[in-house]
$ cat my_file-v3.pdb   # PDB, C-alpha atoms
ATOM      1  CA  MET P1482      40.553 -13.745  -2.725
ATOM      2  CA  SER P1483      41.331 -11.265  -5.471
ATOM      3  CA  ASP P1484      40.851 -13.538  -8.486
ATOM      4  CA  ASN P1485      37.543 -14.331 -10.102
ATOM      5  CA  PRO P1486      37.597 -17.498 -12.266
ATOM      6  CA  SER P1487      34.429 -17.637 -14.355
ATOM      7  CA  PHE P1488      32.785 -20.225 -16.611
ATOM      8  CA  VAL P1489      32.425 -18.332 -19.882
ATOM      9  CA  LEU P1490      30.491 -19.098 -23.059
ATOM     10  CA  LYS P1491      32.668 -18.061 -26.014
ATOM     11  CA  GLY P1492      30.527 -19.496 -28.799
ATOM     12  CA  ILE P1493      28.378 -22.471 -29.759
ATOM     13  CA  LEU P1494      29.696 -25.481 -27.797
ATOM     14  CA  ASN P1495      32.708 -23.367 -26.862
ATOM     15  CA  VAL P1496      33.256 -22.695 -23.160
ATOM     16  CA  GLU P1497      36.259 -22.118 -20.962
ATOM     17  CA  ILE P1498      37.252 -20.859 -17.523
ATOM     18  CA  GLN P1499      38.527 -17.282 -17.719
ATOM     19  CA  GLN P1500      39.688 -14.764 -15.157
ATOM     20  CA  LYS P1501      37.292 -11.834 -14.797
ATOM     21  CA  PRO P1502      37.497  -8.676 -12.687
ATOM     22  CA  VAL P1503      35.948  -8.897  -9.239
ATOM     23  CA  PRO P1504      32.647  -6.957  -9.533
ATOM     24  CA  GLU P1505      32.369  -3.587  -7.822
ATOM     25  CA  ILE P1506      29.226  -3.236  -5.698
ATOM     26  CA  GLY P1507      26.926  -0.303  -5.073
ATOM     27  CA  VAL P1508      25.618   0.947  -1.742
ATOM     28  CA  ASN P1509      22.577  -1.359  -1.904
ATOM     29  CA  GLU P1510      24.382  -4.403  -3.279
ATOM     30  CA  VAL P1511      26.319  -7.355  -1.917
ATOM     31  CA  LEU P1512      29.198  -9.389  -3.277
ATOM     32  CA  VAL P1513      28.531 -13.102  -2.866
ATOM     33  CA  GLU P1514      31.192 -15.795  -3.011
ATOM     34  CA  VAL P1515      29.312 -18.427  -4.991
ATOM     35  CA  ARG P1516      29.659 -21.895  -3.473
ATOM     36  CA  LYS P1517      26.998 -23.992  -5.227
ATOM     37  CA  THR P1518      25.239 -23.698  -8.589
ATOM     38  CA  GLY P1519      22.530 -26.036  -9.829
ATOM     39  CA  SER P1520      22.064 -27.011 -13.456
ATOM     40  CA  TYR P1521      19.437 -25.208 -15.463
ATOM     41  CA  PHE P1522      18.429 -26.656 -18.826
ATOM     42  CA  LEU P1523      17.903 -23.256 -20.439
ATOM     43  CA  GLN P1524      21.623 -22.683 -19.973
ATOM     44  CA  VAL P1525      22.216 -25.691 -22.225
ATOM     45  CA  HIS P1526      20.205 -23.932 -24.924
ATOM     46  CA  PHE P1527      22.681 -21.059 -24.828
ATOM     47  CA  LEU P1528      25.555 -23.533 -24.994
ATOM     48  CA  VAL P1529      24.160 -25.561 -27.896
ATOM     49  CA  HIS P1530      22.124 -23.008 -29.837
ATOM     50  CA  GLY P1531      23.423 -19.632 -28.658
ATOM     51  CA  ARG P1532      19.918 -18.521 -27.813
ATOM     52  CA  VAL P1533      16.675 -19.129 -25.945
ATOM     53  CA  GLY P1534      13.826 -17.546 -27.857
ATOM     54  CA  ASP P1535      14.644 -13.870 -28.348
ATOM     55  CA  PHE P1536      17.539 -13.960 -25.898
ATOM     56  CA  ILE P1537      20.481 -14.346 -28.261
ATOM     57  CA  VAL P1538      24.095 -14.727 -27.188
ATOM     58  CA  GLU P1539      25.191 -14.566 -30.834
ATOM     59  CA  LYS P1540      24.897 -10.781 -30.698
ATOM     60  CA  LEU P1541      27.830 -10.796 -28.315
ATOM     61  CA  MET P1542      29.981 -12.965 -30.565
ATOM     62  CA  ALA P1543      31.410 -10.443 -32.984
ATOM     63  CA  SER P1544      34.827 -11.927 -32.244
ATOM     64  CA  ASP P1545      36.212 -15.090 -30.706
ATOM     65  CA  PHE P1546      35.766 -13.557 -27.260
ATOM     66  CA  CYS P1547      32.432 -13.402 -25.487
ATOM     67  CA  TYR P1548      31.949 -12.218 -21.925
ATOM     68  CA  GLN P1549      28.784 -14.232 -21.260
ATOM     69  CA  ILE P1550      29.196 -16.076 -17.970
ATOM     70  CA  LEU P1551      26.776 -18.976 -17.477
ATOM     71  CA  GLY P1552      25.023 -20.029 -14.261
ATOM     72  CA  HIS P1553      21.605 -19.162 -12.867
ATOM     73  CA  GLU P1554      20.624 -21.077  -9.705
ATOM     74  CA  SER P1555      23.131 -20.441  -6.929
ATOM     75  CA  ALA P1556      23.857 -19.982  -3.253
ATOM     76  CA  GLY P1557      26.922 -18.680  -1.499
ATOM     77  CA  VAL P1558      28.433 -16.657   1.321
ATOM     78  CA  VAL P1559      28.294 -12.872   1.533
ATOM     79  CA  SER P1560      31.810 -11.523   1.030
ATOM     80  CA  LYS P1561      31.144  -7.775   1.023
ATOM     81  CA  VAL P1562      28.175  -5.484   1.615
ATOM     82  CA  GLY P1563      27.337  -1.983   0.428
ATOM     83  CA  SER P1564      27.150   0.884   2.903
ATOM     84  CA  SER P1565      23.322   0.941   2.912
ATOM     85  CA  VAL P1566      22.751  -2.808   3.238
ATOM     86  CA  THR P1567      21.019  -3.900   6.450
ATOM     87  CA  ASN P1568      19.350  -7.245   5.708
ATOM     88  CA  VAL P1569      22.532  -9.355   5.437
ATOM     89  CA  LYS P1570      26.108  -9.172   6.687
ATOM     90  CA  VAL P1571      29.498 -10.534   5.694
ATOM     91  CA  GLY P1572      29.622 -14.278   6.349
ATOM     92  CA  ASP P1573      25.900 -14.916   5.919
ATOM     93  CA  ARG P1574      24.962 -17.938   3.819
ATOM     94  CA  VAL P1575      22.371 -16.880   1.263
ATOM     95  CA  ALA P1576      20.201 -18.151  -1.557
ATOM     96  CA  MET P1577      20.578 -15.914  -4.592
ATOM     97  CA  GLU P1578      17.502 -14.898  -6.545
ATOM     98  CA  PRO P1579      18.788 -14.610 -10.115
ATOM     99  CA  ALA P1580      16.554 -11.848 -11.474
ATOM    100  CA  ALA P1581      16.277  -8.185 -10.480
ATOM    101  CA  THR P1582      13.362  -5.932 -11.375
ATOM    102  CA  CYS P1583      13.241  -2.141 -11.407
ATOM    103  CA  ARG P1584      10.896  -1.993  -8.368
ATOM    104  CA  LYS P1585       9.664   1.367  -9.680
ATOM    105  CA  CYS P1586       7.314   0.711 -12.595
ATOM    106  CA  GLU P1587       3.552   0.290 -12.190
ATOM    107  CA  ALA P1588       3.742  -3.476 -12.680
ATOM    108  CA  CYS P1589       6.388  -3.910  -9.973
ATOM    109  CA  LYS P1590       4.404  -1.826  -7.522
ATOM    110  CA  GLU P1591       1.388  -4.052  -8.206
ATOM    111  CA  GLY P1592       3.468  -7.169  -7.569
ATOM    112  CA  ARG P1593       3.094  -8.385 -11.174
ATOM    113  CA  PHE P1594       6.781  -8.296 -12.097
ATOM    114  CA  GLN P1595       7.177 -12.069 -11.784
ATOM    115  CA  ALA P1596       4.780 -12.968 -14.551
ATOM    116  CA  SER P1597       6.447 -11.669 -17.677
ATOM    117  CA  MET P1598       9.443  -9.869 -19.093
ATOM    118  CA  GLN P1599       7.023  -7.524 -20.814
ATOM    119  CA  ILE P1600       5.354  -6.619 -17.507
ATOM    120  CA  CYS P1601       8.565  -5.179 -16.001
ATOM    121  CA  PRO P1602      10.544  -3.952 -19.016
ATOM    122  CA  ASP P1603      13.751  -3.446 -17.055
ATOM    123  CA  ILE P1604      14.091  -6.893 -15.464
ATOM    124  CA  VAL P1605      17.641  -8.282 -15.499
ATOM    125  CA  CYS P1606      18.238 -12.049 -15.262
ATOM    126  CA  ALA P1607      21.515 -13.810 -14.490
ATOM    127  CA  ALA P1608      23.019 -15.573 -17.521
ATOM    128  CA  THR P1609      20.382 -14.136 -19.833
ATOM    129  CA  PRO P1610      22.064 -12.064 -22.547
ATOM    130  CA  PRO P1611      23.627  -9.641 -22.112
ATOM    131  CA  THR P1612      23.821 -10.179 -18.319
ATOM    132  CA  ASP P1613      26.499 -12.409 -16.823
ATOM    133  CA  GLY P1614      25.585 -15.428 -14.736
ATOM    134  CA  THR P1615      26.651 -16.861 -11.398
ATOM    135  CA  LEU P1616      29.233 -19.506 -12.362
ATOM    136  CA  ALA P1617      32.144 -17.514 -11.015
ATOM    137  CA  ARG P1618      33.882 -17.025  -7.701
ATOM    138  CA  TYR P1619      32.047 -13.754  -7.100
ATOM    139  CA  TYR P1620      28.654 -12.417  -8.131
ATOM    140  CA  ARG P1621      27.216  -8.950  -7.533
ATOM    141  CA  LEU P1622      23.638  -8.957  -6.296
ATOM    142  CA  SER P1623      21.073  -6.444  -5.071
ATOM    143  CA  SER P1624      20.824  -7.014  -1.340
ATOM    144  CA  TYR P1625      17.069  -7.625  -1.413
ATOM    145  CA  LEU P1626      17.723 -10.663  -3.643
ATOM    146  CA  ALA P1627      20.018 -12.316  -1.075
ATOM    147  CA  TYR P1628      17.981 -14.544   1.271
ATOM    148  CA  PRO P1629      19.675 -15.792   4.466
ATOM    149  CA  LEU P1630      19.519 -19.559   4.910
ATOM    150  CA  PRO P1631      18.434 -21.146   8.213
ATOM    151  CA  PRO P1632      21.126 -23.187   9.989
ATOM    152  CA  ASN P1633      19.521 -26.496   9.012
ATOM    153  CA  LEU P1634      19.682 -25.761   5.285
ATOM    154  CA  SER P1635      22.831 -26.366   3.257
ATOM    155  CA  LEU P1636      24.178 -24.231   0.457
ATOM    156  CA  GLU P1637      23.055 -26.936  -1.949
ATOM    157  CA  ASP P1638      19.555 -26.519  -0.548
ATOM    158  CA  GLY P1639      19.879 -22.794  -1.162
ATOM    159  CA  ALA P1640      20.865 -23.372  -4.769
ATOM    160  CA  MET P1641      17.801 -25.588  -5.188
ATOM    161  CA  VAL P1642      15.249 -23.100  -3.857
ATOM    162  CA  ARG P1643      14.492 -21.614  -7.250
ATOM    163  CA  LYS P1644      13.714 -25.049  -8.693
ATOM    164  CA  ARG P1645      11.369 -25.781  -5.815
ATOM    165  CA  LEU P1646       9.620 -22.452  -6.421
ATOM    166  CA  THR P1647       8.485 -23.653  -9.828
ATOM    167  CA  THR P1648       6.824 -26.610  -8.125
ATOM    168  CA  LEU P1649       5.233 -24.453  -5.440
ATOM    169  CA  ASP P1650       3.638 -22.350  -8.209
ATOM    170  CA  PHE P1651       2.305 -25.591  -9.842
ATOM    171  CA  LEU P1652       4.143 -24.801 -13.009
ATOM    172  CA  ASP P1653       4.990 -27.257 -15.746
ATOM    173  CA  ALA P1654       8.772 -27.124 -15.434
ATOM    174  CA  SER P1655       9.327 -29.409 -18.404
ATOM    175  CA  GLY P1656       9.798 -27.820 -21.786
ATOM    176  CA  ALA P1657       9.228 -31.034 -23.755
ATOM    177  CA  ASP P1658       6.429 -30.798 -26.312
ATOM    178  CA  VAL P1659       4.748 -33.962 -25.071
ATOM    179  CA  ALA P1660       4.720 -32.711 -21.464
ATOM    180  CA  ILE P1661       2.920 -29.527 -22.456
ATOM    181  CA  GLN P1662       0.482 -31.381 -24.694
ATOM    182  CA  THR P1663      -0.225 -33.914 -21.938
ATOM    183  CA  GLY P1664      -0.766 -31.137 -19.420
ATOM    184  CA  ILE P1665      -3.466 -29.646 -21.620
ATOM    185  CA  LEU P1666      -5.175 -33.037 -21.994
ATOM    186  CA  ILE P1667      -5.217 -33.939 -18.283
ATOM    187  CA  ALA P1668      -6.165 -30.494 -16.961
ATOM    188  CA  LYS P1669      -9.588 -30.576 -15.335
ATOM    189  CA  SER P1670     -12.536 -28.756 -16.881
ATOM    190  CA  GLY P1671     -12.487 -25.081 -15.985
ATOM    191  CA  GLY P1672      -8.892 -25.401 -14.802
ATOM    192  CA  THR P1673      -5.791 -23.337 -15.501
ATOM    193  CA  PHE P1674      -2.724 -24.598 -17.340
ATOM    194  CA  ILE P1675       0.468 -22.674 -16.582
ATOM    195  CA  GLN P1676       3.638 -23.091 -18.620
ATOM    196  CA  GLN P1677       6.808 -21.774 -17.058
ATOM    197  CA  VAL P1678       9.568 -20.246 -19.183
ATOM    198  CA  GLY P1679      11.391 -23.571 -19.587
ATOM    199  CA  ILE P1680      10.560 -24.538 -23.162
ATOM    200  CA  ARG P1681      12.511 -26.213 -25.929
ATOM    201  CA  ASN P1682      10.371 -25.588 -29.002
ATOM    202  CA  PRO P1683       8.539 -22.250 -29.300
ATOM    203  CA  ASP P1684       6.240 -23.650 -32.011
ATOM    204  CA  ILE P1685       4.249 -26.342 -30.225
ATOM    205  CA  THR P1686       0.983 -27.827 -31.484
ATOM    206  CA  ILE P1687      -1.638 -28.163 -28.753
ATOM    207  CA  ASP P1688      -5.154 -29.568 -28.773
ATOM    208  CA  MET P1689      -7.263 -26.390 -28.992
ATOM    209  CA  PHE P1690     -10.423 -28.519 -29.023
ATOM    210  CA  ALA P1691      -9.545 -29.674 -25.497
ATOM    211  CA  VAL P1692      -8.869 -26.062 -24.481
ATOM    212  CA  LEU P1693     -12.246 -24.943 -25.834
ATOM    213  CA  CYS P1694     -14.371 -27.841 -24.594
ATOM    214  CA  LYS P1695     -12.899 -27.765 -21.094
ATOM    215  CA  GLU P1696     -12.841 -23.936 -21.070
ATOM    216  CA  LEU P1697      -9.252 -23.934 -19.896
ATOM    217  CA  VAL P1698      -7.267 -20.853 -18.993
ATOM    218  CA  VAL P1699      -3.803 -21.108 -20.566
ATOM    219  CA  ARG P1700      -1.188 -18.845 -19.028
ATOM    220  CA  GLY P1701       2.504 -18.277 -19.533
ATOM    221  CA  SER P1702       4.847 -17.530 -16.648
ATOM    222  CA  PHE P1703       8.303 -16.090 -17.073
ATOM    223  CA  ARG P1704       9.210 -16.367 -13.422
ATOM    224  CA  TYR P1705       8.226 -17.898 -10.118
ATOM    225  CA  GLY P1706       7.008 -17.095  -6.649
ATOM    226  CA  ASP P1707       8.076 -16.476  -3.099
ATOM    227  CA  TYR P1708      11.679 -17.199  -2.040
ATOM    228  CA  PRO P1709      11.094 -16.769   1.734
ATOM    229  CA  LEU P1710       8.087 -19.110   1.561
ATOM    230  CA  ALA P1711      10.059 -21.776  -0.301
ATOM    231  CA  ILE P1712      12.985 -21.511   2.128
ATOM    232  CA  ALA P1713      10.631 -21.787   5.106
ATOM    233  CA  LEU P1714       8.863 -24.862   3.713
ATOM    234  CA  VAL P1715      12.139 -26.634   3.008
ATOM    235  CA  ALA P1716      13.524 -25.713   6.450
ATOM    236  CA  LEU P1717      10.397 -27.086   8.139
ATOM    237  CA  GLY P1718      10.715 -30.357   6.258
ATOM    238  CA  LYS P1719       7.473 -29.787   4.365
ATOM    239  CA  VAL P1720       9.253 -30.055   1.021
ATOM    240  CA  ASP P1721      12.083 -32.446   0.147
ATOM    241  CA  ILE P1722      14.634 -31.258  -2.395
ATOM    242  CA  LYS P1723      17.796 -33.213  -1.601
ATOM    243  CA  PHE P1724      16.778 -36.222  -3.699
ATOM    244  CA  LEU P1725      16.819 -34.081  -6.832
ATOM    245  CA  VAL P1726      20.624 -33.722  -6.882
ATOM    246  CA  SER P1727      21.924 -36.602  -8.986
ATOM    247  CA  HIS P1728      25.501 -35.510  -9.762
ATOM    248  CA  HIS P1729      28.236 -33.335  -8.231
ATOM    249  CA  PHE P1730      31.120 -31.636 -10.053
ATOM    250  CA  PRO P1731      33.973 -29.317  -9.086
ATOM    251  CA  PHE P1732      34.183 -25.959 -10.828
ATOM    252  CA  THR P1733      37.052 -27.149 -13.017
ATOM    253  CA  GLN P1734      34.731 -29.787 -14.515
ATOM    254  CA  ALA P1735      31.797 -27.486 -15.253
ATOM    255  CA  CYS P1736      32.069 -28.356 -18.948
ATOM    256  CA  GLU P1737      31.534 -32.055 -18.151
ATOM    257  CA  ALA P1738      28.597 -31.130 -15.949
ATOM    258  CA  PHE P1739      26.908 -29.267 -18.800
ATOM    259  CA  GLU P1740      27.494 -32.209 -21.117
ATOM    260  CA  ILE P1741      25.655 -34.495 -18.692
ATOM    261  CA  ILE P1742      22.780 -32.012 -18.486
ATOM    262  CA  ARG P1743      22.698 -31.895 -22.270
ATOM    263  CA  ASN P1744      22.642 -35.683 -22.650
ATOM    264  CA  GLY P1745      20.284 -36.313 -19.750
ATOM    265  CA  LYS P1746      22.623 -38.891 -18.237
ATOM    266  CA  SER P1747      26.252 -39.471 -17.294
ATOM    267  CA  PRO P1748      28.560 -41.889 -19.159
ATOM    268  CA  ASP P1749      27.726 -44.607 -16.634
ATOM    269  CA  GLY P1750      24.068 -44.362 -17.644
ATOM    270  CA  LYS P1751      22.838 -42.651 -14.491
ATOM    271  CA  GLY P1752      20.014 -40.265 -15.301
ATOM    272  CA  ALA P1753      20.605 -36.568 -14.631
ATOM    273  CA  ILE P1754      17.989 -34.791 -12.559
ATOM    274  CA  LYS P1755      19.885 -31.875 -11.040
ATOM    275  CA  VAL P1756      23.635 -31.482 -11.517
ATOM    276  CA  MET P1757      25.384 -29.448  -8.807
ATOM    277  CA  ILE P1758      28.555 -27.496  -9.621
ATOM    278  CA  SER P1759      30.722 -26.281  -6.742
ATOM    279  CA  GLY P1760      32.328 -22.845  -6.812
ATOM    280  CA  PRO P1761      36.048 -22.302  -7.472
ATOM    281  CA  ASP P1762      38.180 -24.072  -4.861
ATOM    282  CA  VAL P1763      35.051 -25.429  -3.132
ATOM    283  CA  ASP P1764      35.080 -29.179  -2.430
ATOM    284  CA  ILE P1765      32.148 -31.081  -3.933
ATOM    285  CA  SER P1766      31.604 -32.771  -0.553
ATOM    286  CA  GLU P1767      30.817 -29.412   1.001
ATOM    287  CA  VAL P1768      27.047 -29.161   0.955
TER
END
$ encode --input "my_file-v3.pdb" --output "structure tokens"
Amino acid sequence: MSDNPSFVLKGILNVEIQQKPVPEIGVNEVLVEVRKTGSYFLQVHFLVHGRVGDFIVEKLMASDFCYQILGHESAGVVSKVGSSVTNVKVGDRVAMEPAATCRKCEACKEGRFQASMQICPDIVCAATPPTDGTLARYYRLSSYLAYPLPPNLSLEDGAMVRKRLTTLDFLDASGADVAIQTGILIAKSGGTFIQQVGIRNPDITIDMFAVLCKELVVRGSFRYGDYPLAIALVALGKVDIKFLVSHHFPFTQACEAFEIIRNGKSPDGKGAIKVMISGPDVDISEV
């Protein structure tokens, strides 16, 4: 298909589906037709506040038009490959890792690029200003960030891999103040408390007496771990992720999907855990 409908953030609480050019790929890149995208609460921060920490969409809003496409956790089918790509081919179903590092700096060579934006200064994350996200028909991706899915895993499973990675790294995926404070209190003496990037309030009060007395190590983590490992564990049935998907929406109702994520429940009162949005012209029953 030659069109590229995209779910675009135009301003605070202002989103719409717009047509965007189909991305051109480089020799080491692939073009993925996005089929499934999972909800990601940080995206709601952009929708409601126009920012997450220092990542500010408002800088792009000099007029009524903003090119920021939302979407971060996705899977799809390879539509086109660059001339130097060897790890995937057209038609492959892939999980899409949403962040690309430079792979050249000292930190990347040491394998430390996943810990912090400041460690790899040139990291680029989907739907993190000013980079567009994955809620579109097509998304351009470095080929090494496209992970083929085993036959027994669905595209929804592929879109959920990133969320499972946060669990595999034993990260506190909740950004609620009370969750972080509780984590500090229940951590064992001499243990390590890790807070992943998901956070609602940057100014949180924690019990430093507990940190000192238990000699805790408190670490921040901007990213997550090993995609192939997570895919393998899910494929082997060692990790269950299907129960996390609570709601399904077609692409044309992405706005409603974000509203449910924002409210934490749908109008019928059903709690929202993970809301799955299908790609353009993809049936929600296709998993």
$ closest_residue --input "my_file-v3.pdb" --among "P:Gln1549, P:Ser1483, P:Ser1560, P:Ser1555" --to "P:Glu1510" --atoms "only C-alpha atoms"
P:Ser1560
$ residues_around --input "my_file-v3.pdb" --residues "P:Val1768" --least-positions-apart "4" --cutoff "7 Å" --atoms "only C-alpha atoms" --output "VMD selection string"
chain P and resid 1635 to 1637
$ resolve_selection --input "my_file-v3.pdb" --expression "the PyMOL selection byres ((chain P and resi 1574-1582) around 8)" --output "ChimeraX atom specification"
/P:1553-1559,1572-1573,1583-1584,1589,1594,1601,1603-1607,1622-1623,1626-1630,1636,1639-1640,1642-1643,1708
$ axis_aligned_box --input "my_file-v3.pdb" --around "stretch 1561-1571 of chain P" --padding-each-side "6 Å" --output "lines of an AutoDock Vina configuration file"
center_x = 25.2
center_y = -4.8
center_z = 3.6
size_x = 23.8
size_y = 23.5
size_z = 18.3
$ closest_residue --input "my_file-v3.pdb" --among "P:Ala1668, P:Leu1551, P:Val1496, P:Leu1634" --to "P:Leu1717" --atoms "all atoms listed in the file"
P:Leu1634
$ atom_distance --input "my_file-v3.pdb" --atom1 "atom CA of P:Thr1567" --atom2 "atom CA of P:Val1503"
22.2 Å
$ residues_around --input "my_file-v3.pdb" --residues "P:Pro1761" --least-positions-apart "6" --cutoff "9 Å" --atoms "only C-alpha atoms" --output "ChimeraX atom specification"
/P:1485-1487,1515-1516,1616-1618,1731-1733
$ atom_distance --input "my_file-v3.pdb" --atom1 "atom CA of P:Pro1632" --atom2 "atom CA of P:Val1756"
23.2 Å
$ atom_distance --input "my_file-v3.pdb" --atom1 "atom CA of P:Asn1509" --atom2 "atom CA of P:Ser1624"
5.9 Å
